[in-house]
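Enquirer: Input structure: target35.txt, which contains compact mmCIF, C-alpha atoms.
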```
# COMPACT_ATOMS: atom_id res chain seq x y z
CA ASN G 87 242.87 183.95 255.03
CA THR G 88 245.23 181.93 257.17
CA LEU G 89 242.89 178.92 256.93
CA LYS G 90 242.59 179.37 253.14
CA LEU G 91 246.37 179.32 252.81
CA LYS G 92 246.49 176.20 254.94
CA LEU G 93 243.91 174.48 252.68
CA LYS G 94 245.92 175.23 249.57
CA LYS G 95 249.10 174.12 251.26
CA ASN G 96 247.51 170.87 252.37
CA LYS G 97 246.33 170.21 248.79
CA LYS G 98 249.86 170.80 247.57
CA ASP G 99 251.15 168.35 250.17
CA VAL G 100 248.85 165.67 248.84
CA VAL G 101 250.41 166.03 245.43
CA GLU G 102 254.03 166.64 246.37
CA GLY G 103 254.52 165.51 249.93
CA GLY G 104 254.55 162.16 251.62
CA GLY G 105 256.47 159.03 250.93
CA GLU G 106 255.93 155.65 249.34
CA GLY G 107 253.26 153.41 250.84
CA PRO G 108 253.55 149.65 251.29
CA ASN G 109 252.04 149.12 247.82
CA GLY G 110 254.11 151.74 246.07
CA THR G 111 251.32 154.36 246.30
CA LYS G 112 251.86 158.00 247.20
CA GLN G 113 251.11 158.84 250.78
CA SER G 114 250.49 162.30 252.18
CA PRO G 115 251.20 163.43 255.74
CA GLN G 116 247.42 163.33 256.36
CA GLY G 117 247.27 159.64 255.34
CA ILE G 118 245.24 160.32 252.15
CA THR G 119 246.34 158.10 249.28
CA ALA G 120 245.15 157.11 245.78
CA LYS G 121 245.41 153.35 245.43
CA SER G 122 243.90 153.19 241.94
CA ASN G 123 242.64 155.30 239.06
CA ALA G 124 238.87 154.90 238.80
CA LEU G 125 238.71 157.16 235.76
CA ARG G 126 241.16 154.98 233.88
CA SER G 127 239.17 151.83 234.73
CA ILE G 128 235.96 153.47 233.59
CA GLY G 129 237.69 154.57 230.40
CA VAL G 130 238.81 151.01 229.65
CA LEU G 131 235.29 149.68 230.22
CA ALA G 132 233.84 152.44 228.04
CA LEU G 133 236.35 151.66 225.31
CA VAL G 134 235.48 147.96 225.39
CA ALA G 135 231.75 148.74 225.40
CA ALA G 136 232.15 151.03 222.39
CA LEU G 137 234.53 148.92 220.31
CA LEU G 138 232.96 145.49 220.88
CA PRO G 139 229.70 146.26 218.99
CA ILE G 140 231.71 147.93 216.23
CA CYS G 141 233.93 144.89 215.82
CA LEU G 142 230.94 142.51 215.86
CA ALA G 143 229.06 144.61 213.31
CA PHE G 144 231.98 144.80 210.90
CA THR G 145 232.73 141.10 211.37
CA TYR G 146 229.18 140.39 210.23
CA LEU G 147 229.60 142.74 207.27
CA LEU G 148 232.95 141.34 206.13
CA LEU G 149 232.33 137.64 206.74
CA LEU G 150 228.61 137.25 206.02
CA ARG G 151 226.81 140.14 204.37
CA GLU G 152 229.43 141.24 201.83
CA PRO G 153 230.16 137.67 200.57
CA ASN G 154 226.41 136.98 200.35
CA LEU G 155 225.83 140.17 198.39
CA GLN G 156 228.66 139.26 196.02
CA ALA G 157 227.29 135.73 195.58
CA GLU G 158 223.80 137.10 194.88
CA GLN G 159 225.21 139.52 192.33
CA ILE G 160 227.17 136.77 190.55
CA ASP G 161 224.10 134.52 190.60
CA ARG G 162 221.90 137.27 189.16
CA VAL G 163 224.32 138.15 186.36
CA SER G 164 225.11 134.51 185.48
CA THR G 165 221.43 133.58 185.40
CA SER G 166 220.71 136.59 183.22
CA PHE G 167 223.37 135.51 180.70
CA ALA G 168 222.03 131.94 180.63
CA VAL G 169 218.39 133.04 180.21
CA GLN G 170 219.28 135.52 177.48
CA GLN G 171 221.23 132.89 175.55
CA ALA G 172 218.43 130.33 175.95
CA THR G 173 215.98 132.91 174.59
CA ASN G 174 218.27 133.53 171.61
CA MET G 175 218.49 129.80 170.82
CA HIS G 176 214.71 129.39 171.11
CA ARG G 177 214.18 132.29 168.71
CA LEU G 178 216.72 130.78 166.29
CA PHE G 179 214.86 127.45 166.06
CA ASP G 180 211.48 129.14 165.94
CA ARG G 181 212.68 131.44 163.16
CA ILE G 182 214.10 128.54 161.12
CA GLU G 183 210.89 126.54 161.53
CA GLN G 184 208.71 129.45 160.48
CA ARG G 185 210.90 130.14 157.45
CA VAL G 186 210.81 126.47 156.40
CA LEU G 187 207.03 126.30 156.77
CA GLY G 188 206.69 129.54 154.86
CA ALA G 189 208.88 128.25 152.02
CA ALA G 190 206.93 125.00 151.96
CA GLN G 191 203.76 126.98 151.26
CA SER G 192 205.19 128.35 148.02
CA PRO G 193 203.38 127.28 144.81
CA LEU G 194 206.37 125.23 143.64
CA ALA G 195 206.60 123.31 146.93
CA LEU G 196 202.84 122.75 147.12
CA SER G 197 202.84 121.46 143.56
CA ALA G 198 205.53 118.90 144.41
CA ILE G 199 203.69 117.86 147.58
CA ALA G 200 200.48 117.41 145.62
CA SER G 201 202.12 115.35 142.87
CA ARG G 202 204.27 113.29 145.25
CA SER G 203 206.77 113.07 142.40
CA GLN G 204 210.27 112.34 143.67
CA ARG G 205 211.74 114.34 140.78
CA ASP G 206 209.64 117.41 141.56
CA ILE G 207 210.34 117.03 145.27
CA GLY G 208 214.09 116.82 144.60
CA LEU G 209 213.98 120.06 142.57
CA VAL G 210 212.06 121.81 145.34
CA GLU G 211 214.55 120.59 147.93
CA GLU G 212 217.46 122.02 145.95
CA THR G 213 215.62 125.31 145.42
CA MET G 214 214.64 125.68 149.08
CA LEU G 215 218.13 124.79 150.26
CA ASP G 216 219.50 127.87 148.46
CA TYR G 217 217.37 130.07 150.72
CA PHE G 218 218.72 128.51 153.92
CA PRO G 219 222.52 128.98 154.00
CA GLU G 220 222.66 127.89 157.65
CA VAL G 221 221.11 124.49 156.75
CA ILE G 222 223.31 121.68 155.38
CA SER G 223 220.43 119.45 154.21
CA LEU G 224 216.69 119.68 153.61
CA ARG G 225 214.34 116.81 152.87
CA ILE G 226 210.63 116.76 151.95
CA ILE G 227 209.03 113.40 152.72
CA PRO G 228 205.42 112.90 151.59
CA ILE G 229 202.92 111.41 154.02
CA SER G 230 201.14 108.37 152.60
CA ASP G 231 197.42 107.72 152.63
CA MET G 232 198.00 105.72 155.81
CA GLY G 233 198.99 108.97 157.56
CA THR G 234 202.63 108.08 158.04
CA ALA G 235 205.78 109.23 156.31
CA ASP G 236 206.46 107.25 153.14
CA ILE G 237 209.94 105.83 153.85
CA ALA G 238 209.16 102.20 153.25
CA ASP G 239 211.11 102.02 149.98
CA GLY G 240 214.26 103.72 151.33
CA ASN G 241 215.57 106.08 153.94
CA LYS G 242 214.85 109.13 151.74
CA GLY G 243 218.29 110.52 152.53
CA LEU G 244 217.80 110.29 156.29
CA ARG G 245 221.06 109.74 158.16
CA ASN G 246 220.05 107.56 161.09
CA HIS G 247 217.21 106.30 163.23
CA ILE G 248 217.06 109.66 165.07
CA GLU G 249 215.99 111.47 161.90
CA VAL G 250 213.63 108.58 161.05
CA ASP G 251 212.02 108.93 164.47
CA LEU G 252 211.71 112.70 164.03
CA VAL G 253 209.93 112.25 160.70
CA ARG G 254 207.63 109.61 162.18
CA ARG G 255 206.61 111.79 165.11
CA ALA G 256 206.04 114.83 162.91
CA SER G 257 203.93 112.81 160.46
CA GLU G 258 201.75 111.52 163.27
CA GLY G 259 201.18 115.05 164.56
CA ASP G 260 203.24 114.57 167.72
CA GLU G 261 205.64 117.17 169.03
CA ALA G 262 208.95 116.72 167.26
CA GLN G 263 211.58 118.42 169.37
CA PRO G 264 214.94 119.26 167.80
CA GLU G 265 217.44 116.45 168.20
CA ALA G 266 221.23 116.70 168.20
CA TYR G 267 223.39 113.71 167.35
CA LYS G 268 226.92 112.88 166.38
CA PHE G 269 227.36 111.83 162.77
CA GLU G 270 230.83 111.01 161.39
CA ASP G 271 232.55 112.78 164.34
CA GLN G 272 230.46 115.88 163.78
CA TRP G 273 227.56 117.22 165.85
CA LEU G 274 224.39 117.89 163.81
CA THR G 275 220.91 119.04 164.74
CA SER G 276 217.71 118.13 162.91
CA LEU G 277 214.26 119.75 163.05
CA ALA G 278 211.08 118.36 161.51
CA ALA G 279 207.72 120.00 160.75
CA ARG G 280 204.50 118.85 159.13
CA VAL G 281 203.19 120.71 156.05
CA ALA G 282 199.64 120.35 154.64
CA HIS G 283 198.37 121.36 151.21
CA PRO G 284 195.78 124.11 151.72
CA SER G 285 193.45 122.74 149.02
CA ILE G 286 194.08 119.01 148.97
CA THR G 287 193.61 117.74 152.51
CA ASP G 288 195.13 114.31 151.92
CA ARG G 289 198.36 115.76 150.52
CA GLN G 290 200.79 116.35 153.37
CA ALA G 291 204.53 116.08 153.89
CA VAL G 292 207.21 116.32 156.51
CA VAL G 293 210.05 118.79 156.03
CA ILE G 294 213.23 117.92 157.92
CA VAL G 295 216.21 120.26 157.98
CA THR G 296 219.65 119.63 159.47
CA LEU G 297 222.12 122.18 160.79
CA ASP G 298 225.77 121.92 161.54
CA ASN G 299 226.21 122.67 165.23
CA GLU G 300 228.92 125.14 164.34
CA GLU G 301 225.98 127.38 163.46
CA LEU G 302 224.74 126.97 167.03
CA SER G 303 228.20 127.84 168.34
CA ARG G 304 228.15 131.01 166.25
CA GLN G 305 224.78 131.84 167.74
CA LEU G 306 226.22 131.38 171.24
CA LYS G 307 228.87 133.96 170.33
CA SER G 308 226.16 136.58 169.85
CA LEU G 309 226.73 137.54 173.48
CA ASP G 310 230.08 138.60 174.89
CA THR G 311 232.18 135.43 175.11
CA ASP G 312 234.75 137.29 177.22
CA ALA G 313 232.16 137.19 179.98
CA GLY G 314 232.46 133.42 180.28
CA LYS G 315 231.62 130.07 178.70
CA PHE G 316 228.26 129.27 177.10
CA SER G 317 227.42 125.61 176.62
CA LEU G 318 224.41 124.12 174.85
CA GLU G 319 223.53 120.86 176.60
CA GLN G 320 221.16 118.11 175.49
CA LEU G 321 219.64 116.04 178.29
CA HIS G 322 218.11 112.63 177.73
CA THR G 323 217.54 109.32 179.48
CA THR G 324 219.39 106.27 178.23
CA SER G 325 217.87 102.80 177.82
CA THR G 326 219.25 101.89 181.25
CA GLY G 327 217.33 104.75 182.88
CA THR G 328 220.34 106.97 183.63
CA GLU G 329 220.40 110.67 182.86
CA ARG G 330 222.90 111.69 180.22
CA LYS G 331 224.16 115.11 179.27
CA ASP G 332 225.85 115.94 175.95
CA ILE G 333 227.49 119.27 175.20
CA ILE G 334 226.49 119.85 171.60
CA ALA G 335 227.86 123.39 171.16
CA GLN G 336 229.82 125.91 173.19
CA ALA G 337 231.57 129.25 173.04
CA GLY G 338 233.93 131.10 175.36
CA SER G 339 236.13 129.65 178.06
CA ALA G 340 235.80 129.16 181.81
CA GLU G 341 235.93 126.34 184.34
CA THR G 342 232.52 124.92 185.23
CA GLY G 343 231.94 125.24 188.96
CA SER G 344 229.69 126.59 191.67
CA ASN G 345 229.01 129.79 189.72
CA THR G 346 227.59 127.93 186.69
CA ARG G 347 223.93 128.70 186.03
CA TYR G 348 221.41 127.01 183.70
CA ALA G 349 218.37 128.00 181.67
CA ASP G 350 216.04 125.61 179.82
CA ILE G 351 215.12 126.18 176.18
CA PRO G 352 211.33 125.93 175.75
CA GLY G 353 210.07 123.15 173.50
CA THR G 354 213.34 121.19 173.63
CA SER G 355 215.26 118.84 175.89
CA TRP G 356 218.10 121.33 175.86
CA ARG G 357 219.44 123.89 178.25
CA VAL G 358 222.08 126.60 178.19
CA SER G 359 224.75 126.75 180.88
CA PHE G 360 226.83 129.82 181.59
CA THR G 361 230.01 129.91 183.63
CA PRO G 362 231.43 133.40 184.36
CA SER G 363 235.07 134.01 183.53
CA GLN G 364 237.63 135.25 186.02
CA THR G 365 237.49 138.66 184.34
CA LEU G 366 233.75 138.93 184.94
CA LEU G 367 234.10 137.67 188.50
CA ALA G 368 236.72 140.35 189.15
CA GLU G 369 234.37 143.00 187.77
CA LEU G 370 231.51 141.75 189.93
CA ALA G 371 233.63 141.55 193.09
CA ILE G 372 232.53 143.99 195.78
CA PRO G 373 235.64 145.86 197.05
CA GLN G 374 236.10 145.50 200.79
CA LEU G 375 238.61 148.33 201.18
CA PRO G 376 235.90 150.96 201.92
CA VAL G 377 234.49 148.73 204.66
CA TYR G 378 237.94 148.34 206.23
CA LEU G 379 238.49 152.10 206.04
CA VAL G 380 235.19 152.76 207.82
CA LEU G 381 236.13 150.15 210.44
CA ILE G 382 239.50 151.81 211.08
CA ILE G 383 237.88 155.25 211.32
CA ALA G 384 235.26 153.95 213.77
CA LEU G 385 237.92 152.29 215.95
CA LEU G 386 240.09 155.40 215.95
CA ALA G 387 237.09 157.57 216.80
CA GLY G 388 236.20 155.35 219.76
CA VAL G 389 239.77 155.36 221.08
CA ALA G 390 240.07 159.13 220.56
CA ALA G 391 236.83 159.76 222.44
CA VAL G 392 238.00 157.77 225.48
CA LEU G 393 241.43 159.41 225.44
CA LEU G 394 239.81 162.83 225.25
CA VAL G 395 237.80 162.06 228.38
CA GLN G 396 240.91 160.70 230.13
CA VAL G 397 242.85 163.89 229.38
CA ARG G 398 240.22 166.62 229.70
CA PHE G 399 238.24 165.36 232.69
CA PRO G 400 241.14 165.39 235.24
CA ARG G 401 241.94 168.98 234.20
CA ALA G 402 238.33 170.02 234.56
CA LEU G 403 238.09 168.25 237.91
CA ASP G 404 241.25 169.94 239.17
CA ALA G 405 239.92 173.37 238.18
CA GLU G 406 236.60 172.73 239.89
CA VAL G 407 238.33 171.51 243.09
CA ASN G 408 240.42 174.69 243.17
CA LYS G 409 237.24 176.70 242.75
CA VAL G 410 235.61 174.85 245.67
CA ILE G 411 238.66 175.37 247.90
CA SER G 412 238.90 179.07 247.02
CA ALA G 413 235.25 179.66 247.92
CA ALA G 414 235.28 177.51 251.05
CA ASP G 415 235.64 180.52 253.47
CA ARG G 416 232.97 182.67 251.79
CA LYS G 417 229.20 182.55 251.80
CA THR G 418 228.87 183.82 248.23
CA PRO G 419 227.05 181.63 245.68
CA LEU G 420 229.23 178.98 244.06
CA ASP G 421 228.52 177.31 240.69
CA VAL G 422 230.38 174.12 239.84
CA SER G 423 230.39 172.24 236.54
CA ILE G 424 230.59 168.79 238.16
CA PRO G 425 227.40 168.03 240.12
CA GLU G 426 229.14 165.41 242.23
CA LEU G 427 231.27 168.17 243.84
CA VAL G 428 228.27 170.02 245.26
CA SER G 429 228.00 167.93 248.43
CA ILE G 430 231.78 168.11 249.00
CA ALA G 431 231.72 171.89 248.53
CA LYS G 432 228.91 172.23 251.09
CA GLN G 433 230.69 170.10 253.65
CA LEU G 434 234.00 171.91 253.09
CA ARG G 435 232.37 175.33 253.38
CA ARG G 436 230.52 174.31 256.57
CA ALA G 437 233.72 172.98 258.18
CA THR G 438 235.75 176.00 257.07
CA LEU G 439 233.26 178.56 258.40
CA ARG G 440 232.96 176.67 261.68
CA ALA G 441 236.74 176.73 262.04
CA LEU G 442 236.82 180.46 261.27
CA ARG G 443 234.19 181.21 263.91
CA GLN G 444 236.09 179.23 266.49
CA SER G 445 239.37 180.95 265.66
CA ASN G 446 237.78 184.43 265.89
CA ALA G 447 236.01 183.79 269.26
CA PRO G 448 237.56 185.70 272.32
CA PRO G 449 239.61 183.50 274.61
CA GLU G 450 237.94 182.46 277.87
CA PRO G 451 239.36 184.21 280.99
CA LEU G 452 241.65 182.18 283.14
CA PRO G 453 240.22 181.29 286.52
CA VAL G 454 241.53 183.38 289.46
CA ALA G 455 242.93 181.53 292.44
CA GLU G 456 241.25 182.40 295.73
```
Now, as a test, write the supplied structure out as structure tokens.
Expert:
Amino acid sequence: NTLKLKLKKNKKDVVEGGGEGPNGTKQSPQGITAKSNALRSIGVLALVAALLPICLAFTYLLLLREPNLQAEQIDRVSTSFAVQQATNMHRLFDRIEQRVLGAAQSPLALSAIASRSQRDIGLVEETMLDYFPEVISLRIIPISDMGTADIADGNKGLRNHIEVDLVRRASEGDEAQPEAYKFEDQWLTSLAARVAHPSITDRQAVVIVTLDNEELSRQLKSLDTDAGKFSLEQLHTTSTGTERKDIIAQAGSAETGSNTRYADIPGTSWRVSFTPSQTLLAELAIPQLPVYLVLIIALLAGVAAVLLVQVRFPRALDAEVNKVISAADRKTPLDVSIPELVSIAKQLRRATLRALRQSNAPPEPLPVAE
């Protein structure tokens, strides 16, 4: 018991006794000092090891993955708008062509084509024009026995060489793509198709219709113009070999830039461009606040875990040391929660029991002088 009290007193001296060492460290009377805090150093290393991967991962998310996802989303939506609008324009021209060809197969139109009478053809043109409110002009031009459109004695009401070329190509059986052109400061679009009499094989004609491009702009408004700007562009190569682009119709408003996407219209030299508006871009933006919140929570969790170890481990260690000291003079079994203390406990118990045996041994008799 006396030795046990001495052990506890010596432990108390390590904490409370002693003076300042040369480096400002606590010194005990036994010369045992603590020059550094290994647990604190380990905690700092653990904190760095835990937080560094977290910071790198969230840096990748915020600077690379999230912007790429947002760009892909904007690209997908913009392309979808452009493709949908190009499909609508293709259906518009296809529908007009089919309606014109269907009207040209009426008995009245076939009779005029068979007779090649300019008077009859003029009446048919006026009649057919009433059934096409979106068309500003309609011309039926008979094909001569030579297989070409009969425009030798006049332009047949054609506005310019573009319409003449359309009629020529259609009469020769070539593909006559729609053509847009500026006429008297106004954009117009002309389409031409070849019509054949079902009974008289040598009686054919070319029907050419012209639309005001305001009709195309109205068609572009069929989709939500608040989403951005739709532009109908005609691409062609000039006589000098340079590529030229003309905007022949548009709807909505936005600044053309890196988010602009294009879709070609089949059977034409046209394409539709779509530029998303700032409102749509704001709706498509991926909010980064949740990512920042998760980052903050992860950082706080890492710091809290290290602090918990720094606070709880010294208390647990102190309790285990007290348990080892209390059981040092007994041979009863001892269970410790820190495996590293097992060897110290064995050494302390061995030294304590040896000291007890020596203190309890009878004193040797003094030698007697002869």
Enquirer: One decimal, in Å: what's the spacing between atom CA of Lys331 of chain G and atom CA of Ser303 of chain G?
Expert: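 Value for the atom CA of Lys331 of chain G-atom CA of Ser303 of chain G distance: 17.3 Å.
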Enquirer: Work out how far apart atom CA of Gln305 of chain G and atom CA of Leu178 of chain G are and give it in Å to one decimal.
Expert: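 Separation of atom CA of Gln305 of chain G and atom CA of Leu178 of chain G: 8.3 Å.
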Enquirer: Identify, on the basis of all atoms listed in the file, every residue whose closest approach to Val210 of chain G does not exceed 7 Å; exclude the query and any residue fewer than 4 positions from it along the same chain; express the result as a compact mmCIF listing (two decimals) with C-alpha atoms, in the frame of the given file.
Expert:
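Below is the file that was written, selection_24.txt:
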```
# COMPACT_ATOMS: atom_id res chain seq x y z
CA LEU G 194 206.37 125.23 143.64
CA ALA G 195 206.60 123.31 146.93
CA ASP G 206 209.64 117.41 141.56
CA MET G 214 214.64 125.68 149.08
```
Enquirer: Of the residues G:Leu381, G:Ala313, G:Leu420, G:Val130, which is the one nearest to Val163 of chain G, using only C-alpha atoms?
Expert: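 Ranking G:Leu381, G:Ala313, G:Leu420, G:Val130 by distance to Val163 of chain G, first place goes to G:Ala313.
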Enquirer: In Å to one decimal, how far is atom CA of Ala391 of chain G from atom CA of Val428 of chain G?
Expert: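 Between atom CA of Val428 of chain G and atom CA of Ala391 of chain G the gap works out to 26.4 Å.
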Enquirer: Taking only C-alpha atoms into account, name the residue in G:Pro362, G:Pro219, G:Pro264, G:Gly188 that is nearest to Ala282 of chain G.
Expert: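 Of the candidates, the smallest distance to Ala282 of chain G is held by G:Gly188.
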Enquirer: Ranking G:Leu393, G:Leu302, G:Ala189, G:Ile229 by minimum distance to Ala256 of chain G and counting only C-alpha atoms, which one comes first?
Expert: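 That would be G:Ile229, the residue with the smallest distance to Ala256 of chain G.
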Enquirer: Return the single residue from G:Val295, G:Phe144, G:Asp260, G:Arg398 that is closest to Arg245 of chain G, with distances computed using all atoms listed in the file.
Expert: G:Val295
Enquirer: Using all atoms listed in the file, which of the listed residues (G:Thr119, G:Ser197, G:Gln374, G:Ser317) sits closest to Ile286 of chain G?
Expert: G:Ser197
Enquirer: Which residue out of G:Ile118, G:Ala279, G:Ile207, G:Leu215 has the minimum interatomic distance to Val292 of chain G when only C-alpha atoms are used?
Expert: G:Ala279
Enquirer: Write out as a list in words the residues lying within 8 Å of Arg304 of chain G, counting all atoms listed in the file and excluding same-chain residues fewer than 4 positions away.
Expert: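 My reading of the contact set: Glu300, Ser308 and Ala337 of chain G.
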Enquirer: Name the residues, using the chain letters and numbers of the file, that sit within 12 Å of (223.8, 125.9, 186.3) when counting only C-alpha atoms, and give them as a list in words.
Expert: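 Collected hits near the coordinates: Asp161, Arg162, Ser164, Thr165, Ser166, Phe167, Ala168, Val169, Lys315, Phe316, Ser317, Leu318, Glu319, Thr342, Gly343, Ser344, Asn345, Thr346, Arg347, Tyr348, Ala349, Asp350, Arg357, Val358, Ser359, Phe360, Thr361 and Pro362 of chain G.
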Enquirer: Write out as a list in words which residues come within 10 Å of segment 139-143 of chain G when counting only C-alpha atoms, dropping same-chain ones fewer than 5 positions away.
Expert: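 Residues meeting the cut-off are Val134, Leu148, Leu381, Ala384, Leu385 and Gly388 of chain G.
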